[in-house]
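Working notes, beginning with the structure itself.
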Amino acid sequence: MRSPHPLPAALVGRTFELDTARRLGVSDNRLRASDLTVPSKGIRTPSGEPPSLIEYAAAVLARTGEGWISHTTAAMIHGLWIPARLTHDELVHISRYDLLVGPRRQGVDGHQVRVHCSDLVRIDGLQVSSPARTWFELLPRLRRDEAVIIGDQLLRHPLPGIDRHTAPWSTPSELSDLVERNARRPGVRLGREVLPLLRQGSDSPSETQLRLAIVGAGLPEPTPQLRLVQDDPLSPTADLGYREQRIALQHEGGHHRGPDQFSRDIRRDERWLAAGFRVIRSDVSDTRTGFARVLAILRPLIGSAGHAA
């Protein structure tokens, strides 16, 4: 069997729309070759590999006309944490202004909304709901703790070398304004409920879950990213902590399993211990049990009348 003719360089290894391929001189016979699959009508992607989400979303949006990528699709493009049940959403979510007819296409979930100019951003030329707007769009499908986790992610300072963005995605006042601009939209009640619960300083969903578990158990709220030496930016930090009670809480995610990180964690904890702090560590097994072990340790140490510092 003869190999198909090479595609133009601009299409190699990419998801593309048929109209784009035809403008580049690709024949219909070539577009039916076995090295291409049809994820949606009018779209081709290389066989044997999942299409890039941003390329696929751009191709679908081009087929539907006006609008932008929103909701779950936008969350995955931004890299926002979302609950596992939403990661299985295979529909491309596209929004349009509510004066237009909503997009109708197989594999597309269309939405008609009103947005502010600050609600939309461009990523690699694709118009997408901003991270903050995406959070609001997801609220009708989120539980309270899930809404807090994503809200905390919007407020946190990005980690150099890990995050693509260089400043927090949003601020508390911006999220409050967003919620009030959409006072008649689904999700506004949950948005208003969780705004006072959001905190800057949670570097992972598990850290937020730990904080919420502590507060939900009636214990004083710990301080996120507590520094051992308060005014020293190079000082070791605890994911959560109580300065007055001299307690440091460290949640060890998957990246802590490597030998280098494990050694750094030991040296970090030694400094807290030398300063007279009790160090309480948790991991994914504690997350699964609602941090019951951590709460059982904390309760006699701080009681319900203590104060975070």
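If you're wondering about the labels, chains in the structure tokens are A, B, ... by order shown, residues count from 1 in each chain, ligands from 1 in order shown.
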With only C-alpha atoms counted and 10 Å as the cut-off, give the residues of region 56-145 of chain A in contact with region 172-176 of chain A, each with its shortest interatomic distance in Å and the pair that gives it, as a Markdown table.
```
| residue | atom | partner | partner_atom | distance |
| --- | --- | --- | --- | --- |
| A:Ser118 | CA | A:Glu174 | CA | 9.9 |
| A:Ala132 | CA | A:Leu175 | CA | 6.8 |
| A:Arg133 | CA | A:Leu175 | CA | 8.6 |
| A:Trp135 | CA | A:Leu175 | CA | 9.3 |
| A:Phe136 | CA | A:Leu175 | CA | 8.7 |
```
Fill in: Selection: 9 Å around Gln153 (chain A), only C-alpha atoms, excl. self and same-chain fewer than 6 positions, as a PyMOL selection string
chain A and resi 80-81+168-169+200-205
Take the residues from that selection and write them out as a compact mmCIF listing (two decimals), in the first residue's frame, keeping all heavy atoms.
```txt
# COMPACT_ATOMS: atom_id res chain seq x y z
N LEU A 80 -6.81 24.56 35.04
CA LEU A 80 -7.47 24.64 36.34
C LEU A 80 -7.78 23.23 36.86
O LEU A 80 -8.12 22.33 36.09
CB LEU A 80 -8.78 25.42 36.24
CG LEU A 80 -8.70 26.94 36.05
CD1 LEU A 80 -10.08 27.50 35.75
CD2 LEU A 80 -8.11 27.61 37.28
N TRP A 81 -7.66 23.06 38.17
CA TRP A 81 -8.13 21.82 38.78
C TRP A 81 -9.65 21.76 38.63
O TRP A 81 -10.35 22.76 38.83
CB TRP A 81 -7.78 21.79 40.26
CG TRP A 81 -8.34 20.59 40.97
CD1 TRP A 81 -7.71 19.39 41.14
CD2 TRP A 81 -9.62 20.46 41.60
NE1 TRP A 81 -8.53 18.53 41.83
CE2 TRP A 81 -9.71 19.15 42.13
CE3 TRP A 81 -10.70 21.33 41.77
CZ2 TRP A 81 -10.83 18.69 42.80
CZ3 TRP A 81 -11.83 20.88 42.43
CH2 TRP A 81 -11.89 19.57 42.95
N PRO A 168 -1.12 36.14 39.96
CA PRO A 168 -2.37 35.45 40.27
C PRO A 168 -3.42 35.70 39.19
O PRO A 168 -3.49 36.77 38.61
CB PRO A 168 -2.79 36.08 41.61
CG PRO A 168 -1.50 36.51 42.23
CD PRO A 168 -0.63 36.97 41.09
N TRP A 169 -4.24 34.70 38.93
CA TRP A 169 -5.26 34.82 37.91
C TRP A 169 -6.34 35.84 38.28
O TRP A 169 -6.98 36.41 37.41
CB TRP A 169 -5.90 33.46 37.66
CG TRP A 169 -5.24 32.65 36.60
CD1 TRP A 169 -4.76 33.10 35.40
CD2 TRP A 169 -4.99 31.25 36.61
NE1 TRP A 169 -4.23 32.06 34.67
CE2 TRP A 169 -4.36 30.92 35.37
CE3 TRP A 169 -5.25 30.22 37.54
CZ2 TRP A 169 -3.99 29.61 35.05
CZ3 TRP A 169 -4.87 28.93 37.20
CH2 TRP A 169 -4.25 28.63 35.98
N GLN A 200 -5.63 33.20 49.82
CA GLN A 200 -4.42 33.16 49.01
C GLN A 200 -3.36 32.37 49.76
O GLN A 200 -3.16 32.57 50.96
CB GLN A 200 -3.92 34.57 48.72
CG GLN A 200 -2.82 34.63 47.69
CD GLN A 200 -2.48 36.05 47.31
OE1 GLN A 200 -1.95 36.80 48.12
NE2 GLN A 200 -2.78 36.43 46.08
N GLY A 201 -2.70 31.44 49.09
CA GLY A 201 -1.63 30.70 49.73
C GLY A 201 -1.76 29.19 49.62
O GLY A 201 -0.82 28.47 49.98
N SER A 202 -2.90 28.68 49.13
CA SER A 202 -3.03 27.24 48.94
C SER A 202 -2.38 26.86 47.62
O SER A 202 -2.84 27.29 46.56
CB SER A 202 -4.50 26.82 48.94
OG SER A 202 -5.04 26.88 50.24
N ASP A 203 -1.33 26.06 47.68
CA ASP A 203 -0.61 25.68 46.46
C ASP A 203 -1.12 24.39 45.84
O ASP A 203 -0.58 23.95 44.81
CB ASP A 203 0.89 25.56 46.76
CG ASP A 203 1.56 26.92 46.88
OD1 ASP A 203 1.00 27.91 46.37
OD2 ASP A 203 2.65 26.99 47.48
N SER A 204 -2.12 23.77 46.44
CA SER A 204 -2.68 22.54 45.87
C SER A 204 -4.10 22.36 46.36
O SER A 204 -4.47 22.89 47.42
CB SER A 204 -1.83 21.32 46.27
OG SER A 204 -2.03 21.02 47.64
N PRO A 205 -4.92 21.60 45.62
CA PRO A 205 -6.27 21.30 46.10
C PRO A 205 -6.27 20.65 47.48
O PRO A 205 -7.14 20.95 48.31
CB PRO A 205 -6.81 20.35 45.03
CG PRO A 205 -6.08 20.72 43.79
CD PRO A 205 -4.69 21.08 44.25
```
Practice prompt. Write out as a ChimeraX atom specification which residues come within 7 Å of region 228-230 of chain A when counting only C-alpha atoms, dropping same-chain ones fewer than 6 positions away.
Written response: /A:236-237,272
Item to complete: Would you kindly return, as an MDAnalysis selection string, each protein, DNA or RNA residue with an atom no farther than 8 Å from any atom of region 49-62 of chain A, considering only C-alpha atoms and excluding same-chain residues fewer than 3 positions away?
Response: chainID A and resid 14:17 40 43 45:46 65:69 73 77 92 94 126
Since we have the selection now, will you write its residues out, keeping all heavy atoms, as a short mmCIF file (atom, residue, chain, number, x, y, z; two decimals), in the first residue's frame?
```
data_model
loop_
_atom_site.label_atom_id
_atom_site.label_comp_id
_atom_site.auth_asym_id
_atom_site.auth_seq_id
_atom_site.Cartn_x
_atom_site.Cartn_y
_atom_site.Cartn_z
N ARG A 14 -1.00 18.04 13.44
CA ARG A 14 -1.95 18.97 14.05
C ARG A 14 -3.38 18.56 13.74
O ARG A 14 -3.66 17.85 12.77
CB ARG A 14 -1.72 20.40 13.54
CG ARG A 14 -0.36 20.98 13.87
CD ARG A 14 -0.21 22.38 13.30
NE ARG A 14 -1.20 23.28 13.85
CZ ARG A 14 -1.07 23.95 15.00
NH1 ARG A 14 0.03 23.79 15.71
NH2 ARG A 14 -2.00 24.76 15.43
N THR A 15 -4.30 19.03 14.58
CA THR A 15 -5.72 18.96 14.28
C THR A 15 -6.07 20.16 13.43
O THR A 15 -5.65 21.29 13.73
CB THR A 15 -6.54 18.97 15.58
OG1 THR A 15 -6.20 17.80 16.35
CG2 THR A 15 -8.03 18.96 15.29
N PHE A 16 -6.84 19.94 12.35
CA PHE A 16 -7.13 21.07 11.46
C PHE A 16 -8.54 20.94 10.88
O PHE A 16 -9.14 19.86 10.86
CB PHE A 16 -6.09 21.16 10.33
CG PHE A 16 -5.96 19.90 9.51
CD1 PHE A 16 -6.79 19.65 8.41
CD2 PHE A 16 -4.99 18.95 9.83
CE1 PHE A 16 -6.65 18.49 7.66
CE2 PHE A 16 -4.85 17.79 9.07
CZ PHE A 16 -5.69 17.56 7.99
N GLU A 17 -9.03 22.06 10.39
CA GLU A 17 -10.34 22.14 9.76
C GLU A 17 -10.19 21.88 8.26
O GLU A 17 -9.18 22.24 7.65
CB GLU A 17 -10.93 23.52 10.01
CG GLU A 17 -12.37 23.67 9.60
CD GLU A 17 -12.76 25.13 9.52
OE1 GLU A 17 -11.92 26.01 9.79
OE2 GLU A 17 -13.91 25.38 9.15
N SER A 40 -14.72 14.98 14.51
CA SER A 40 -15.97 15.71 14.36
C SER A 40 -16.10 16.11 12.90
O SER A 40 -15.09 16.24 12.19
CB SER A 40 -15.98 16.95 15.27
OG SER A 40 -17.21 17.64 15.19
N ILE A 43 -13.47 18.09 10.45
CA ILE A 43 -12.22 18.23 11.20
C ILE A 43 -11.41 16.95 11.02
O ILE A 43 -11.96 15.85 10.96
CB ILE A 43 -12.49 18.51 12.69
CG1 ILE A 43 -13.21 19.86 12.85
CG2 ILE A 43 -11.20 18.50 13.50
CD1 ILE A 43 -13.68 20.13 14.26
N THR A 45 -7.68 14.89 12.35
CA THR A 45 -6.59 14.85 13.33
C THR A 45 -5.72 13.63 13.00
O THR A 45 -6.21 12.66 12.42
CB THR A 45 -7.15 14.77 14.76
OG1 THR A 45 -6.13 15.06 15.70
CG2 THR A 45 -7.73 13.40 15.06
N PRO A 46 -4.42 13.65 13.33
CA PRO A 46 -3.57 12.50 13.02
C PRO A 46 -4.08 11.23 13.69
O PRO A 46 -4.49 11.26 14.86
CB PRO A 46 -2.20 12.91 13.58
CG PRO A 46 -2.23 14.40 13.62
CD PRO A 46 -3.65 14.76 13.93
N GLY A 65 -18.67 29.21 13.96
CA GLY A 65 -18.82 30.65 13.78
C GLY A 65 -18.48 31.43 15.02
O GLY A 65 -17.54 31.08 15.74
N GLU A 66 -19.24 32.48 15.32
CA GLU A 66 -18.92 33.38 16.42
C GLU A 66 -18.98 32.67 17.77
O GLU A 66 -19.74 31.73 17.96
CB GLU A 66 -19.90 34.55 16.43
CG GLU A 66 -19.81 35.46 15.21
CD GLU A 66 -20.77 36.64 15.33
OE1 GLU A 66 -20.65 37.38 16.31
OE2 GLU A 66 -21.63 36.78 14.46
N GLY A 67 -18.19 33.17 18.71
CA GLY A 67 -18.22 32.64 20.06
C GLY A 67 -16.84 32.47 20.65
O GLY A 67 -15.84 32.95 20.09
N TRP A 68 -16.77 31.78 21.76
CA TRP A 68 -15.49 31.54 22.44
C TRP A 68 -15.61 30.23 23.23
O TRP A 68 -16.70 29.74 23.51
CB TRP A 68 -15.11 32.70 23.36
CG TRP A 68 -16.12 32.97 24.45
CD1 TRP A 68 -16.13 32.46 25.71
CD2 TRP A 68 -17.27 33.83 24.36
NE1 TRP A 68 -17.21 32.93 26.41
CE2 TRP A 68 -17.93 33.79 25.60
CE3 TRP A 68 -17.80 34.64 23.34
CZ2 TRP A 68 -19.09 34.50 25.86
CZ3 TRP A 68 -18.97 35.35 23.59
CH2 TRP A 68 -19.60 35.29 24.85
N ILE A 69 -14.46 29.68 23.60
CA ILE A 69 -14.41 28.44 24.37
C ILE A 69 -14.67 28.76 25.84
O ILE A 69 -14.11 29.71 26.39
CB ILE A 69 -13.05 27.75 24.20
CG1 ILE A 69 -12.78 27.47 22.71
CG2 ILE A 69 -13.00 26.46 25.01
CD1 ILE A 69 -13.81 26.59 22.03
N THR A 73 -14.29 23.02 29.01
CA THR A 73 -13.22 23.05 28.00
C THR A 73 -12.22 24.15 28.33
O THR A 73 -11.00 23.94 28.25
CB THR A 73 -13.81 23.27 26.60
OG1 THR A 73 -14.93 22.42 26.40
CG2 THR A 73 -12.76 23.00 25.53
N ILE A 77 -8.13 23.89 29.29
CA ILE A 77 -7.12 24.64 28.54
C ILE A 77 -6.27 25.49 29.49
O ILE A 77 -5.05 25.56 29.36
CB ILE A 77 -7.80 25.51 27.47
CG1 ILE A 77 -8.31 24.63 26.32
CG2 ILE A 77 -6.84 26.58 26.94
CD1 ILE A 77 -9.13 25.37 25.29
N VAL A 92 -17.20 19.93 23.59
CA VAL A 92 -16.53 21.23 23.51
C VAL A 92 -17.57 22.29 23.87
O VAL A 92 -18.62 22.38 23.24
CB VAL A 92 -15.97 21.49 22.10
CG1 VAL A 92 -15.40 22.90 22.01
CG2 VAL A 92 -14.90 20.47 21.76
N ILE A 94 -18.92 25.92 24.00
CA ILE A 94 -18.79 27.18 23.26
C ILE A 94 -19.89 28.13 23.71
O ILE A 94 -21.06 27.74 23.78
CB ILE A 94 -18.88 26.95 21.74
CG1 ILE A 94 -17.69 26.10 21.26
CG2 ILE A 94 -18.93 28.27 20.98
CD1 ILE A 94 -17.73 25.75 19.79
N LEU A 126 -6.71 31.74 20.35
CA LEU A 126 -8.06 31.24 20.59
C LEU A 126 -8.72 32.04 21.70
O LEU A 126 -8.13 32.25 22.76
CB LEU A 126 -7.99 29.76 21.00
CG LEU A 126 -9.31 29.05 21.29
CD1 LEU A 126 -10.17 28.96 20.03
CD2 LEU A 126 -9.04 27.66 21.86
#
```
Discussion item. Under the rule that only C-alpha atoms are counted, which of A:Leu155, A:Leu240, A:Val128, A:Ala84 is the nearest residue to His71 (chain A)?
Written reply: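 The closest residue to His71 (chain A) is A:Val128.
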Which residues come within 12 Å of Asn29 (chain A), counting only C-alpha atoms, excluding same-chain residues fewer than 5 positions away, as a PDB file with C-alpha atoms, in the first residue's frame?
```pdb
ATOM      1  CA  PRO A   4      -0.309   9.037   1.493  1.00  0.00           C
ATOM      2  CA  HIS A   5       1.210  12.171  -0.005  1.00  0.00           C
ATOM      3  CA  LEU A  18     -11.099  20.935   6.234  1.00  0.00           C
ATOM      4  CA  ALA A  21      -6.578  22.143   4.360  1.00  0.00           C
ATOM      5  CA  ARG A  22      -8.388  22.897   1.103  1.00  0.00           C
ATOM      6  CA  SER A  34      -5.971   6.321   6.717  1.00  0.00           C
ATOM      7  CA  LEU A  36      -6.199  10.924   9.449  1.00  0.00           C
TER       8      LEU A  36
END
```
Discussion item. Show me, as a PyMOL selection string, the residues that have an atom within 9 Å of region 297-299 of chain A when counting only C-alpha atoms, minus same-chain residues fewer than 5 positions from it.
Written reply: chain A and resi 214+217+219+247+280+292+304
Worksheet item: Residues of region 96-198 of chain A in alpha helix (DSSP H) according to DSSP, as a PyMOL selection string?
Response: chain A and resi 131-138+144-155+172-181+188-194
Keeping only N, CA and C atoms, write those residues as an mmCIF file, in the first residue's frame.
```
data_model
loop_
_atom_site.group_PDB
_atom_site.id
_atom_site.type_symbol
_atom_site.label_atom_id
_atom_site.label_comp_id
_atom_site.auth_asym_id
_atom_site.auth_seq_id
_atom_site.Cartn_x
_atom_site.Cartn_y
_atom_site.Cartn_z
ATOM 1 N N PRO A 131 -9.842 32.599 33.344
ATOM 2 C CA PRO A 131 -9.920 31.637 34.452
ATOM 3 C C PRO A 131 -11.004 31.991 35.470
ATOM 4 N N ALA A 132 -11.126 33.278 35.820
ATOM 5 C CA ALA A 132 -12.149 33.676 36.791
ATOM 6 C C ALA A 132 -13.550 33.435 36.238
ATOM 7 N N ARG A 133 -13.775 33.829 34.978
ATOM 8 C CA ARG A 133 -15.075 33.604 34.355
ATOM 9 C C ARG A 133 -15.383 32.099 34.273
ATOM 10 N N THR A 134 -14.361 31.305 33.976
ATOM 11 C CA THR A 134 -14.543 29.856 33.912
ATOM 12 C C THR A 134 -14.998 29.313 35.256
ATOM 13 N N TRP A 135 -14.397 29.788 36.341
ATOM 14 C CA TRP A 135 -14.817 29.388 37.696
ATOM 15 C C TRP A 135 -16.305 29.653 37.884
ATOM 16 N N PHE A 136 -16.762 30.850 37.491
ATOM 17 C CA PHE A 136 -18.177 31.176 37.657
ATOM 18 C C PHE A 136 -19.053 30.269 36.790
ATOM 19 N N GLU A 137 -18.599 29.990 35.572
ATOM 20 C CA GLU A 137 -19.379 29.129 34.674
ATOM 21 C C GLU A 137 -19.551 27.721 35.230
ATOM 22 N N LEU A 138 -18.560 27.254 35.990
ATOM 23 C CA LEU A 138 -18.606 25.901 36.534
ATOM 24 C C LEU A 138 -19.416 25.801 37.820
ATOM 25 N N ARG A 144 -19.590 22.821 47.215
ATOM 26 C CA ARG A 144 -18.999 23.991 47.880
ATOM 27 C C ARG A 144 -17.478 23.883 47.983
ATOM 28 N N ASP A 145 -16.967 22.756 48.486
ATOM 29 C CA ASP A 145 -15.518 22.637 48.664
ATOM 30 C C ASP A 145 -14.792 22.704 47.321
ATOM 31 N N GLU A 146 -15.402 22.160 46.271
ATOM 32 C CA GLU A 146 -14.788 22.212 44.941
ATOM 33 C C GLU A 146 -14.693 23.653 44.443
ATOM 34 N N ALA A 147 -15.740 24.434 44.707
ATOM 35 C CA ALA A 147 -15.721 25.849 44.306
ATOM 36 C C ALA A 147 -14.640 26.615 45.054
ATOM 37 N N VAL A 148 -14.413 26.257 46.326
ATOM 38 C CA VAL A 148 -13.354 26.909 47.103
ATOM 39 C C VAL A 148 -11.983 26.520 46.569
ATOM 40 N N ILE A 149 -11.800 25.256 46.229
ATOM 41 C CA ILE A 149 -10.509 24.798 45.700
ATOM 42 C C ILE A 149 -10.127 25.588 44.450
ATOM 43 N N ILE A 150 -11.076 25.715 43.507
ATOM 44 C CA ILE A 150 -10.763 26.450 42.274
ATOM 45 C C ILE A 150 -10.569 27.928 42.576
ATOM 46 N N GLY A 151 -11.393 28.489 43.471
ATOM 47 C CA GLY A 151 -11.223 29.891 43.851
ATOM 48 C C GLY A 151 -9.860 30.153 44.463
ATOM 49 N N ASP A 152 -9.399 29.253 45.336
ATOM 50 C CA ASP A 152 -8.051 29.389 45.908
ATOM 51 C C ASP A 152 -6.993 29.347 44.812
ATOM 52 N N GLN A 153 -7.213 28.489 43.810
ATOM 53 C CA GLN A 153 -6.242 28.385 42.722
ATOM 54 C C GLN A 153 -6.162 29.688 41.933
ATOM 55 N N LEU A 154 -7.274 30.390 41.806
ATOM 56 C CA LEU A 154 -7.275 31.666 41.095
ATOM 57 C C LEU A 154 -6.478 32.727 41.841
ATOM 58 N N LEU A 155 -6.459 32.637 43.174
ATOM 59 C CA LEU A 155 -5.832 33.681 43.989
ATOM 60 C C LEU A 155 -4.354 33.429 44.278
ATOM 61 N N PRO A 172 -9.563 38.801 45.189
ATOM 62 C CA PRO A 172 -10.880 38.688 45.828
ATOM 63 C C PRO A 172 -11.877 39.731 45.327
ATOM 64 N N SER A 173 -11.421 40.964 45.131
ATOM 65 C CA SER A 173 -12.354 42.003 44.676
ATOM 66 C C SER A 173 -12.824 41.747 43.252
ATOM 67 N N GLU A 174 -11.937 41.214 42.391
ATOM 68 C CA GLU A 174 -12.343 40.903 41.019
ATOM 69 C C GLU A 174 -13.363 39.769 40.993
ATOM 70 N N LEU A 175 -13.164 38.769 41.840
ATOM 71 C CA LEU A 175 -14.134 37.676 41.893
ATOM 72 C C LEU A 175 -15.467 38.160 42.440
ATOM 73 N N SER A 176 -15.420 39.045 43.445
ATOM 74 C CA SER A 176 -16.661 39.595 43.981
ATOM 75 C C SER A 176 -17.411 40.393 42.928
ATOM 76 N N ASP A 177 -16.687 41.214 42.166
ATOM 77 C CA ASP A 177 -17.320 41.990 41.089
ATOM 78 C C ASP A 177 -17.926 41.057 40.042
ATOM 79 N N LEU A 178 -17.214 39.997 39.702
ATOM 80 C CA LEU A 178 -17.702 39.036 38.706
ATOM 81 C C LEU A 178 -19.014 38.406 39.169
ATOM 82 N N VAL A 179 -19.060 38.000 40.428
ATOM 83 C CA VAL A 179 -20.282 37.379 40.951
ATOM 84 C C VAL A 179 -21.447 38.374 40.910
ATOM 85 N N GLU A 180 -21.207 39.604 41.315
ATOM 86 C CA GLU A 180 -22.301 40.578 41.354
ATOM 87 C C GLU A 180 -22.744 41.013 39.968
ATOM 88 N N ARG A 181 -21.851 40.998 38.987
ATOM 89 C CA ARG A 181 -22.256 41.311 37.608
ATOM 90 C C ARG A 181 -23.185 40.245 37.046
ATOM 91 N N VAL A 188 -24.831 31.876 41.174
ATOM 92 C CA VAL A 188 -24.491 33.079 41.934
ATOM 93 C C VAL A 188 -24.609 32.841 43.442
ATOM 94 N N ARG A 189 -25.565 32.023 43.864
ATOM 95 C CA ARG A 189 -25.717 31.776 45.304
ATOM 96 C C ARG A 189 -24.483 31.065 45.863
ATOM 97 N N LEU A 190 -24.005 30.053 45.148
ATOM 98 C CA LEU A 190 -22.798 29.360 45.607
ATOM 99 C C LEU A 190 -21.598 30.299 45.558
ATOM 100 N N GLY A 191 -21.518 31.125 44.519
ATOM 101 C CA GLY A 191 -20.418 32.080 44.427
ATOM 102 C C GLY A 191 -20.371 33.004 45.630
ATOM 103 N N ARG A 192 -21.523 33.530 46.016
ATOM 104 C CA ARG A 192 -21.566 34.421 47.188
ATOM 105 C C ARG A 192 -21.216 33.672 48.466
ATOM 106 N N GLU A 193 -21.617 32.403 48.541
ATOM 107 C CA GLU A 193 -21.341 31.616 49.741
ATOM 108 C C GLU A 193 -19.856 31.349 49.915
ATOM 109 N N VAL A 194 -19.148 31.076 48.811
ATOM 110 C CA VAL A 194 -17.746 30.656 48.951
ATOM 111 C C VAL A 194 -16.766 31.814 48.926
#
```
